[in-house]
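Structure below is structure.pdb: PDB, C-alpha atoms.
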```
MODEL        1
ATOM      1  CA  MET A   1     -91.614 -86.858  56.216
ATOM      2  CA  ALA A   2     -94.604 -84.640  56.941
ATOM      3  CA  PHE A   3     -95.345 -80.948  57.179
ATOM      4  CA  LEU A   4     -96.049 -78.819  60.253
ATOM      5  CA  SER A   5     -97.227 -75.191  60.238
ATOM      6  CA  CYS A   6     -96.294 -72.665  62.925
ATOM      7  CA  VAL A   7     -99.531 -71.656  64.702
ATOM      8  CA  SER A   8     -98.241 -68.087  65.005
ATOM      9  CA  CYS A   9     -96.673 -67.098  61.666
ATOM     10  CA  GLN A  10     -97.949 -69.973  59.446
ATOM     11  CA  THR A  11     -94.436 -70.887  58.237
ATOM     12  CA  VAL A  12     -94.422 -74.497  57.005
ATOM     13  CA  PHE A  13     -91.646 -76.902  58.032
ATOM     14  CA  GLU A  14     -90.806 -80.370  56.757
ATOM     15  CA  ILE A  15     -90.095 -82.649  59.725
ATOM     16  CA  ASP A  16     -89.863 -86.328  60.656
ATOM     17  CA  ALA A  17     -93.314 -87.217  62.009
ATOM     18  CA  GLY A  18     -91.798 -89.830  64.326
ATOM     19  CA  LEU A  19     -90.077 -87.125  66.352
ATOM     20  CA  LEU A  20     -93.373 -85.876  67.827
ATOM     21  CA  GLY A  21     -94.326 -89.149  69.536
ATOM     22  CA  ASP A  22     -97.937 -90.038  70.444
ATOM     23  CA  GLY A  23     -98.373 -87.254  73.004
ATOM     24  CA  GLY A  24     -96.813 -84.480  70.954
ATOM     25  CA  GLN A  25     -93.663 -82.420  71.454
ATOM     26  CA  GLN A  26     -92.823 -78.828  72.365
ATOM     27  CA  VAL A  27     -91.409 -77.119  69.229
ATOM     28  CA  ARG A  28     -90.030 -73.656  68.483
ATOM     29  CA  CYS A  29     -90.496 -71.827  65.169
ATOM     30  CA  SER A  30     -87.118 -70.850  63.749
ATOM     31  CA  VAL A  31     -88.724 -67.843  62.019
ATOM     32  CA  CYS A  32     -90.822 -66.136  64.725
ATOM     33  CA  GLN A  33     -89.488 -68.033  67.795
ATOM     34  CA  HIS A  34     -93.024 -69.024  68.925
ATOM     35  CA  VAL A  35     -93.166 -72.196  71.101
ATOM     36  CA  TRP A  36     -96.179 -74.559  71.055
ATOM     37  CA  LEU A  37     -97.146 -78.188  71.635
ATOM     38  CA  ALA A  38     -97.186 -79.917  68.246
ATOM     39  CA  ARG A  39     -99.274 -83.126  68.068
ATOM     40  CA  PRO A  40     -99.298 -85.835  65.394
ATOM     41  CA  GLU A  41    -102.785 -84.753  64.295
ATOM     42  CA  ASP A  42    -101.352 -81.274  63.476
ATOM     43  CA  MET A  43     -99.165 -82.835  60.760
ATOM     44  CA  GLN A  44    -100.065 -82.707  57.061
ATOM     45  CA  ASN A  45     -98.973 -85.289  54.525
ATOM     46  CA  SER A  46     -98.955 -82.858  51.596
ATOM     47  CA  LEU A  47     -98.516 -79.151  51.021
ATOM     48  CA  PRO A  48    -100.780 -76.720  49.225
ATOM     49  CA  GLU A  49     -99.033 -75.428  46.043
ATOM     50  CA  GLU A  50     -98.517 -71.922  47.459
ATOM     51  CA  ASN A  51     -96.560 -73.160  50.511
ATOM     52  CA  ARG A  52     -92.963 -74.248  50.466
ATOM     53  CA  PRO A  53     -91.065 -75.749  53.379
ATOM     54  CA  VAL A  54     -88.446 -73.536  54.933
ATOM     55  CA  ARG A  55     -85.035 -75.094  54.902
ATOM     56  CA  PRO A  56     -82.819 -73.536  57.545
ATOM     57  CA  GLY A  57     -79.686 -71.924  56.134
ATOM     58  CA  ARG A  58     -80.938 -71.553  52.542
ATOM     59  CA  GLY A  59     -81.345 -67.773  52.915
ATOM     60  CA  ARG A  60     -77.846 -67.456  54.337
ATOM     61  CA  LEU A  61     -76.437 -69.556  51.524
ATOM     62  CA  LEU A  62     -78.105 -67.344  48.922
ATOM     63  CA  ALA A  63     -76.850 -64.191  50.672
ATOM     64  CA  SER A  64     -73.330 -65.646  50.831
ATOM     65  CA  LEU A  65     -73.424 -66.518  47.135
ATOM     66  CA  LEU A  66     -74.615 -63.005  46.272
ATOM     67  CA  ILE A  67     -71.834 -61.433  48.347
ATOM     68  CA  LEU A  68     -69.274 -63.769  46.787
ATOM     69  CA  GLY A  69     -70.587 -62.830  43.330
ATOM     70  CA  PHE A  70     -70.286 -59.104  44.089
ATOM     71  CA  VAL A  71     -66.745 -59.602  45.426
ATOM     72  CA  PHE A  72     -65.779 -61.552  42.302
ATOM     73  CA  ILE A  73     -67.274 -58.945  39.951
ATOM     74  CA  GLY A  74     -65.705 -56.093  41.945
ATOM     75  CA  GLY A  75     -62.313 -57.827  41.893
ATOM     76  CA  PHE A  76     -62.568 -58.396  38.164
ATOM     77  CA  LEU A  77     -63.566 -54.765  37.515
ATOM     78  CA  PHE A  78     -60.565 -53.625  39.596
ATOM     79  CA  TRP A  79     -58.011 -56.055  38.163
ATOM     80  CA  ALA A  80     -59.133 -55.661  34.532
ATOM     81  CA  ARG A  81     -59.955 -51.945  34.767
ATOM     82  CA  GLY A  82     -57.773 -51.070  31.752
ATOM     83  CA  PRO A  83     -59.446 -53.386  29.223
ATOM     84  CA  VAL A  84     -62.881 -52.924  30.825
ATOM     85  CA  SER A  85     -62.724 -49.107  30.660
ATOM     86  CA  ALA A  86     -61.266 -49.234  27.143
ATOM     87  CA  ALA A  87     -64.183 -51.394  25.996
ATOM     88  CA  LEU A  88     -66.743 -49.432  28.072
ATOM     89  CA  PRO A  89     -65.440 -45.845  28.345
ATOM     90  CA  VAL A  90     -68.635 -44.785  30.148
ATOM     91  CA  LEU A  91     -67.087 -46.477  33.239
ATOM     92  CA  LEU A  92     -64.108 -44.084  33.347
ATOM     93  CA  PRO A  93     -65.926 -41.480  35.510
ATOM     94  CA  ALA A  94     -66.957 -44.240  37.940
ATOM     95  CA  TYR A  95     -63.345 -45.414  38.306
ATOM     96  CA  ASP A  96     -62.237 -41.800  38.757
ATOM     97  CA  LEU A  97     -64.938 -41.134  41.346
ATOM     98  CA  ALA A  98     -63.876 -44.259  43.260
ATOM     99  CA  GLY A  99     -60.247 -43.066  43.186
ATOM    100  CA  ILE A 100     -59.134 -46.107  41.180
ATOM    101  CA  PRO A 101     -56.486 -45.083  38.649
ATOM    102  CA  VAL A 102     -56.829 -46.321  35.084
ATOM    103  CA  GLN A 103     -53.684 -46.370  32.961
ATOM    104  CA  PRO A 104     -52.718 -47.922  29.638
ATOM    105  CA  ASP A 105     -50.892 -51.238  29.918
ATOM    106  CA  ILE A 106     -47.621 -49.978  28.435
ATOM    107  CA  ASP A 107     -46.075 -53.458  28.637
ATOM    108  CA  SER A 108     -48.475 -54.415  25.814
ATOM    109  CA  LEU A 109     -47.738 -51.327  23.699
ATOM    110  CA  ALA A 110     -44.821 -50.775  21.318
ATOM    111  CA  VAL A 111     -43.639 -47.992  19.044
ATOM    112  CA  GLU A 112     -42.937 -49.218  15.525
ATOM    113  CA  LYS A 113     -42.031 -47.749  12.128
ATOM    114  CA  LEU A 114     -40.516 -44.594  13.647
ATOM    115  CA  GLN A 115     -39.261 -42.329  10.857
ATOM    116  CA  ALA A 116     -37.611 -38.921  11.013
ATOM    117  CA  SER A 117     -36.975 -36.318   8.321
ATOM    118  CA  TRP A 118     -35.501 -32.813   8.437
ATOM    119  CA  GLN A 119     -36.772 -29.734   6.648
ATOM    120  CA  GLY A 120     -34.439 -26.964   7.709
ATOM    121  CA  ASN A 121     -34.823 -26.567  11.500
ATOM    122  CA  LEU A 122     -37.992 -28.672  11.497
ATOM    123  CA  LEU A 123     -37.744 -32.308  12.539
ATOM    124  CA  ARG A 124     -40.773 -34.309  11.422
ATOM    125  CA  LEU A 125     -41.419 -37.615  13.202
ATOM    126  CA  HIS A 126     -44.071 -40.204  12.591
ATOM    127  CA  GLY A 127     -44.606 -43.776  13.665
ATOM    128  CA  GLU A 128     -47.150 -46.244  14.975
ATOM    129  CA  LEU A 129     -48.229 -47.246  18.453
ATOM    130  CA  VAL A 130     -49.148 -50.958  18.342
ATOM    131  CA  ASN A 131     -51.125 -52.995  20.860
ATOM    132  CA  LYS A 132     -49.160 -56.266  21.147
ATOM    133  CA  GLY A 133     -51.397 -57.604  23.928
ATOM    134  CA  LYS A 134     -54.351 -59.993  23.830
ATOM    135  CA  TRP A 135     -56.875 -57.456  25.132
ATOM    136  CA  ILE A 136     -58.214 -54.067  24.135
ATOM    137  CA  ASN A 137     -56.037 -51.279  25.588
ATOM    138  CA  HIS A 138     -55.975 -47.528  25.967
ATOM    139  CA  ALA A 139     -53.581 -45.870  23.513
ATOM    140  CA  ALA A 140     -50.846 -44.316  25.645
ATOM    141  CA  PRO A 141     -49.187 -40.994  24.880
ATOM    142  CA  VAL A 142     -45.799 -41.386  23.199
ATOM    143  CA  ARG A 143     -42.815 -39.643  24.787
ATOM    144  CA  ILE A 144     -40.140 -38.517  22.330
ATOM    145  CA  ILE A 145     -36.685 -37.705  23.683
ATOM    146  CA  ILE A 146     -33.920 -36.368  21.443
ATOM    147  CA  HIS A 147     -30.239 -36.407  22.434
ATOM    148  CA  ASP A 148     -27.490 -34.661  20.501
ATOM    149  CA  LYS A 149     -24.332 -36.521  19.437
ATOM    150  CA  SER A 150     -22.709 -35.774  22.815
ATOM    151  CA  GLY A 151     -25.637 -37.439  24.653
ATOM    152  CA  LYS A 152     -27.180 -34.206  25.972
ATOM    153  CA  LYS A 153     -30.970 -34.125  25.982
ATOM    154  CA  ILE A 154     -32.107 -31.381  23.625
ATOM    155  CA  GLU A 155     -35.831 -32.106  23.412
ATOM    156  CA  ASP A 156     -38.492 -33.974  25.389
ATOM    157  CA  VAL A 157     -42.059 -33.908  24.024
ATOM    158  CA  LYS A 158     -45.242 -35.922  24.378
ATOM    159  CA  VAL A 159     -47.569 -36.694  21.462
ATOM    160  CA  LEU A 160     -50.895 -38.483  21.289
ATOM    161  CA  PRO A 161     -51.667 -41.213  18.780
ATOM    162  CA  GLU A 162     -54.730 -40.666  16.602
ATOM    163  CA  ALA A 163     -56.790 -43.417  18.278
ATOM    164  CA  ALA A 164     -57.747 -43.363  21.963
ATOM    165  CA  VAL A 165     -58.267 -47.139  22.187
ATOM    166  CA  LEU A 166     -56.500 -50.011  20.441
ATOM    167  CA  ALA A 167     -57.906 -53.490  19.900
ATOM    168  CA  ALA A 168     -55.500 -56.427  20.195
ATOM    169  CA  GLY A 169     -53.035 -56.219  17.286
ATOM    170  CA  GLU A 170     -54.283 -52.787  16.194
ATOM    171  CA  ALA A 171     -51.987 -49.827  15.462
ATOM    172  CA  SER A 172     -52.498 -46.071  15.523
ATOM    173  CA  VAL A 173     -50.250 -43.474  13.900
ATOM    174  CA  PHE A 174     -48.697 -40.526  15.708
ATOM    175  CA  PHE A 175     -46.986 -37.456  14.312
ATOM    176  CA  ALA A 176     -44.782 -34.692  15.740
ATOM    177  CA  GLN A 177     -43.033 -31.602  14.365
ATOM    178  CA  ILE A 178     -40.209 -30.218  16.480
ATOM    179  CA  THR A 179     -38.215 -27.090  15.758
ATOM    180  CA  ILE A 180     -34.561 -27.676  16.763
ATOM    181  CA  VAL A 181     -31.074 -27.182  15.353
ATOM    182  CA  PRO A 182     -30.569 -29.864  12.680
ATOM    183  CA  ASP A 183     -28.356 -32.755  13.785
ATOM    184  CA  SER A 184     -28.156 -35.800  11.539
ATOM    185  CA  GLU A 185     -26.469 -37.717  14.376
ATOM    186  CA  ALA A 186     -29.201 -36.994  16.919
ATOM    187  CA  GLU A 187     -30.538 -39.998  18.839
ATOM    188  CA  ILE A 188     -34.337 -40.204  18.870
ATOM    189  CA  ILE A 189     -36.116 -42.341  21.475
ATOM    190  CA  ALA A 190     -39.894 -42.872  21.380
ATOM    191  CA  ALA A 191     -41.776 -44.937  23.956
ATOM    192  CA  PRO A 192     -45.313 -45.161  25.362
ATOM    193  CA  ILE A 193     -45.809 -43.652  28.809
ATOM    194  CA  ALA A 194     -48.300 -44.576  31.507
ATOM    195  CA  GLU A 195     -50.571 -41.687  32.414
ATOM    196  CA  ARG A 196     -53.784 -41.747  34.382
ATOM    197  CA  ILE A 197     -56.867 -41.739  32.149
ATOM    198  CA  ASP A 198     -59.966 -40.080  33.603
ATOM    199  CA  ARG A 199     -61.891 -39.599  30.375
ATOM    200  CA  LEU A 200     -61.705 -40.858  26.815
ATOM    201  CA  ARG A 201     -60.355 -38.227  24.452
TER
ENDMDL
END
```
Now that the file is in, can you turn its structure into structure tokens?
Amino acid sequence: MAFLSCVSCQTVFEIDAGLLGDGGQQVRCSVCQHVWLARPEDMQNSLPEENRPVRPGRGRLLASLLILGFVFIGGFLFWARGPVSAALPVLLPAYDLAGIPVQPDIDSLAVEKLQASWQGNLLRLHGELVNKGKWINHAAPVRIIIHDKSGKKIEDVKVLPEAAVLAAGEASVFFAQITIVPDSEAEIIAAPIAERIDRLR
């Protein structure tokens, strides 16, 4: 192998010296498209340090890898937007601006230790919202629905847990006071609800 420089743009190419023959060969620069007669005496056996041979397709390969990397990162940021925005809440406005909804993963959240007590017409409820998942998660609002003994819905409220974000296995307490007619047989249901998050509270 030897090196040949384009007489127009000075780009250096690594080529097989035997391809030129004794009388030379017409060649075209793949960079500037200049055509000239290249002779064996134009060849160089070594390169100066500052010159590197151009290998066709290397630039396209690098561009393709960069595009593939951006697609991968973009896909990850879309697919994992809940944990990503919980860990980096500064990204929430960017998701909102892009029109990409961010919601808590309610399949990973559970209400535990729900307790109710009456003080006259005041029903006091408290419990914990627990992240059962493997990843950090936004703490979802908790919807509390109360049915009387006949099954009629008598109250439907939403409360926020104390924490805005829950690490894997972490719990946050919530508390509600509801003024209703006392009913010791009332059915109380509490569950996390998925709501769009556009900023960390």
Item to complete: Output the residue selection produced by the PyMOL selection byres ((chain A and resi 85-101) around 12) on the file above, formatted as a count of residues only.
Response: 34
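Proximity ranking of A:Asp156, A:Val7, A:Arg143, A:Asp148 relative to Val27 (chain A) places A:Val7 first, based on all atoms listed in the file.
Remark: for Leu160 (chain A), the closest of the candidate residues A:Val71, A:Leu123, A:Ile144, A:Ala116 is A:Ile144 (distances computed over all atoms listed in the file).
CA of Pro182 (chain A) sits 6.9 Å away from CA of Gly120 (chain A).
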Worksheet item: Can you list, as a ChimeraX atom specification, every protein, DNA or RNA residue that comes within 6 Å of Pro161 (chain A) when you count only C-alpha atoms, leaving out same-chain residues fewer than 4 positions away?
Response: /A:172-174
Would you mind completing region 72-108 of chain A to N, CA and C atoms and writing the output as an mmCIF file, in the coordinates of the input?
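Full text of out07.cif as output:
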```cif
data_model
loop_
_atom_site.group_PDB
_atom_site.id
_atom_site.type_symbol
_atom_site.label_atom_id
_atom_site.label_comp_id
_atom_site.auth_asym_id
_atom_site.auth_seq_id
_atom_site.Cartn_x
_atom_site.Cartn_y
_atom_site.Cartn_z
ATOM 1 N N PHE A 72 -66.433 -61.089 43.530
ATOM 2 C CA PHE A 72 -65.779 -61.552 42.302
ATOM 3 C C PHE A 72 -65.871 -60.499 41.203
ATOM 4 N N ILE A 73 -67.087 -59.961 40.996
ATOM 5 C CA ILE A 73 -67.274 -58.945 39.951
ATOM 6 C C ILE A 73 -66.463 -57.691 40.270
ATOM 7 N N GLY A 74 -66.490 -57.269 41.548
ATOM 8 C CA GLY A 74 -65.705 -56.093 41.945
ATOM 9 C C GLY A 74 -64.219 -56.314 41.736
ATOM 10 N N GLY A 75 -63.737 -57.508 42.100
ATOM 11 C CA GLY A 75 -62.313 -57.827 41.893
ATOM 12 C C GLY A 75 -61.945 -57.822 40.422
ATOM 13 N N PHE A 76 -62.827 -58.389 39.603
ATOM 14 C CA PHE A 76 -62.568 -58.396 38.164
ATOM 15 C C PHE A 76 -62.534 -56.981 37.604
ATOM 16 N N LEU A 77 -63.516 -56.147 38.015
ATOM 17 C CA LEU A 77 -63.566 -54.765 37.515
ATOM 18 C C LEU A 77 -62.337 -53.970 37.959
ATOM 19 N N PHE A 78 -61.781 -54.313 39.142
ATOM 20 C CA PHE A 78 -60.565 -53.625 39.596
ATOM 21 C C PHE A 78 -59.349 -54.142 38.832
ATOM 22 N N TRP A 79 -59.192 -55.467 38.787
ATOM 23 C CA TRP A 79 -58.011 -56.055 38.163
ATOM 24 C C TRP A 79 -57.953 -55.769 36.665
ATOM 25 N N ALA A 80 -59.088 -55.842 35.988
ATOM 26 C CA ALA A 80 -59.133 -55.661 34.532
ATOM 27 C C ALA A 80 -59.653 -54.275 34.160
ATOM 28 N N ARG A 81 -59.379 -53.276 35.005
ATOM 29 C CA ARG A 81 -59.955 -51.945 34.767
ATOM 30 C C ARG A 81 -59.478 -51.313 33.460
ATOM 31 N N GLY A 82 -58.263 -51.618 33.021
ATOM 32 C CA GLY A 82 -57.773 -51.070 31.752
ATOM 33 C C GLY A 82 -58.600 -51.557 30.572
ATOM 34 N N PRO A 83 -58.641 -52.889 30.337
ATOM 35 C CA PRO A 83 -59.446 -53.386 29.223
ATOM 36 C C PRO A 83 -60.940 -53.084 29.377
ATOM 37 N N VAL A 84 -61.453 -53.172 30.608
ATOM 38 C CA VAL A 84 -62.881 -52.924 30.825
ATOM 39 C C VAL A 84 -63.229 -51.480 30.462
ATOM 40 N N SER A 85 -62.420 -50.520 30.940
ATOM 41 C CA SER A 85 -62.724 -49.107 30.660
ATOM 42 C C SER A 85 -62.418 -48.737 29.210
ATOM 43 N N ALA A 86 -61.510 -49.476 28.571
ATOM 44 C CA ALA A 86 -61.266 -49.234 27.143
ATOM 45 C C ALA A 86 -62.457 -49.721 26.316
ATOM 46 N N ALA A 87 -63.023 -50.857 26.711
ATOM 47 C CA ALA A 87 -64.183 -51.394 25.996
ATOM 48 C C ALA A 87 -65.458 -50.629 26.348
ATOM 49 N N LEU A 88 -65.557 -50.164 27.602
ATOM 50 C CA LEU A 88 -66.743 -49.432 28.072
ATOM 51 C C LEU A 88 -66.297 -48.098 28.673
ATOM 52 N N PRO A 89 -65.967 -47.109 27.836
ATOM 53 C CA PRO A 89 -65.440 -45.845 28.345
ATOM 54 C C PRO A 89 -66.396 -45.093 29.267
ATOM 55 N N VAL A 90 -67.684 -45.446 29.239
ATOM 56 C CA VAL A 90 -68.635 -44.785 30.148
ATOM 57 C C VAL A 90 -68.304 -45.096 31.612
ATOM 58 N N LEU A 91 -67.474 -46.126 31.863
ATOM 59 C CA LEU A 91 -67.087 -46.477 33.239
ATOM 60 C C LEU A 91 -65.935 -45.633 33.772
ATOM 61 N N LEU A 92 -65.253 -44.884 32.892
ATOM 62 C CA LEU A 92 -64.108 -44.084 33.347
ATOM 63 C C LEU A 92 -64.466 -43.116 34.472
ATOM 64 N N PRO A 93 -65.586 -42.366 34.386
ATOM 65 C CA PRO A 93 -65.926 -41.480 35.510
ATOM 66 C C PRO A 93 -66.172 -42.235 36.812
ATOM 67 N N ALA A 94 -66.721 -43.450 36.723
ATOM 68 C CA ALA A 94 -66.957 -44.240 37.940
ATOM 69 C C ALA A 94 -65.637 -44.650 38.578
ATOM 70 N N TYR A 95 -64.665 -45.079 37.772
ATOM 71 C CA TYR A 95 -63.345 -45.414 38.306
ATOM 72 C C TYR A 95 -62.701 -44.179 38.932
ATOM 73 N N ASP A 96 -62.821 -43.047 38.247
ATOM 74 C CA ASP A 96 -62.237 -41.800 38.757
ATOM 75 C C ASP A 96 -62.892 -41.390 40.066
ATOM 76 N N LEU A 97 -64.207 -41.484 40.133
ATOM 77 C CA LEU A 97 -64.938 -41.134 41.346
ATOM 78 C C LEU A 97 -64.546 -42.035 42.508
ATOM 79 N N ALA A 98 -64.284 -43.306 42.222
ATOM 80 C CA ALA A 98 -63.876 -44.259 43.260
ATOM 81 C C ALA A 98 -62.399 -44.117 43.617
ATOM 82 N N GLY A 99 -61.675 -43.254 42.899
ATOM 83 C CA GLY A 99 -60.247 -43.066 43.186
ATOM 84 C C GLY A 99 -59.381 -44.215 42.693
ATOM 85 N N ILE A 100 -59.883 -44.967 41.730
ATOM 86 C CA ILE A 100 -59.134 -46.107 41.180
ATOM 87 C C ILE A 100 -58.476 -45.649 39.886
ATOM 88 N N PRO A 101 -57.149 -45.577 39.862
ATOM 89 C CA PRO A 101 -56.486 -45.083 38.649
ATOM 90 C C PRO A 101 -56.579 -46.072 37.494
ATOM 91 N N VAL A 102 -56.818 -45.527 36.314
ATOM 92 C CA VAL A 102 -56.829 -46.321 35.084
ATOM 93 C C VAL A 102 -55.690 -45.811 34.216
ATOM 94 N N GLN A 103 -54.818 -46.730 33.810
ATOM 95 C CA GLN A 103 -53.684 -46.370 32.961
ATOM 96 C C GLN A 103 -53.573 -47.369 31.816
ATOM 97 N N PRO A 104 -52.969 -46.952 30.710
ATOM 98 C CA PRO A 104 -52.718 -47.922 29.638
ATOM 99 C C PRO A 104 -51.731 -48.983 30.134
ATOM 100 N N ASP A 105 -51.859 -50.178 29.621
ATOM 101 C CA ASP A 105 -50.892 -51.238 29.918
ATOM 102 C C ASP A 105 -49.727 -51.067 28.946
ATOM 103 N N ILE A 106 -48.711 -50.297 29.363
ATOM 104 C CA ILE A 106 -47.621 -49.978 28.435
ATOM 105 C C ILE A 106 -46.743 -51.188 28.130
ATOM 106 N N ASP A 107 -46.838 -52.248 28.950
ATOM 107 C CA ASP A 107 -46.075 -53.458 28.637
ATOM 108 C C ASP A 107 -46.615 -54.134 27.372
ATOM 109 N N SER A 108 -47.865 -53.826 27.015
ATOM 110 C CA SER A 108 -48.475 -54.415 25.814
ATOM 111 C C SER A 108 -48.375 -53.498 24.602
#
```
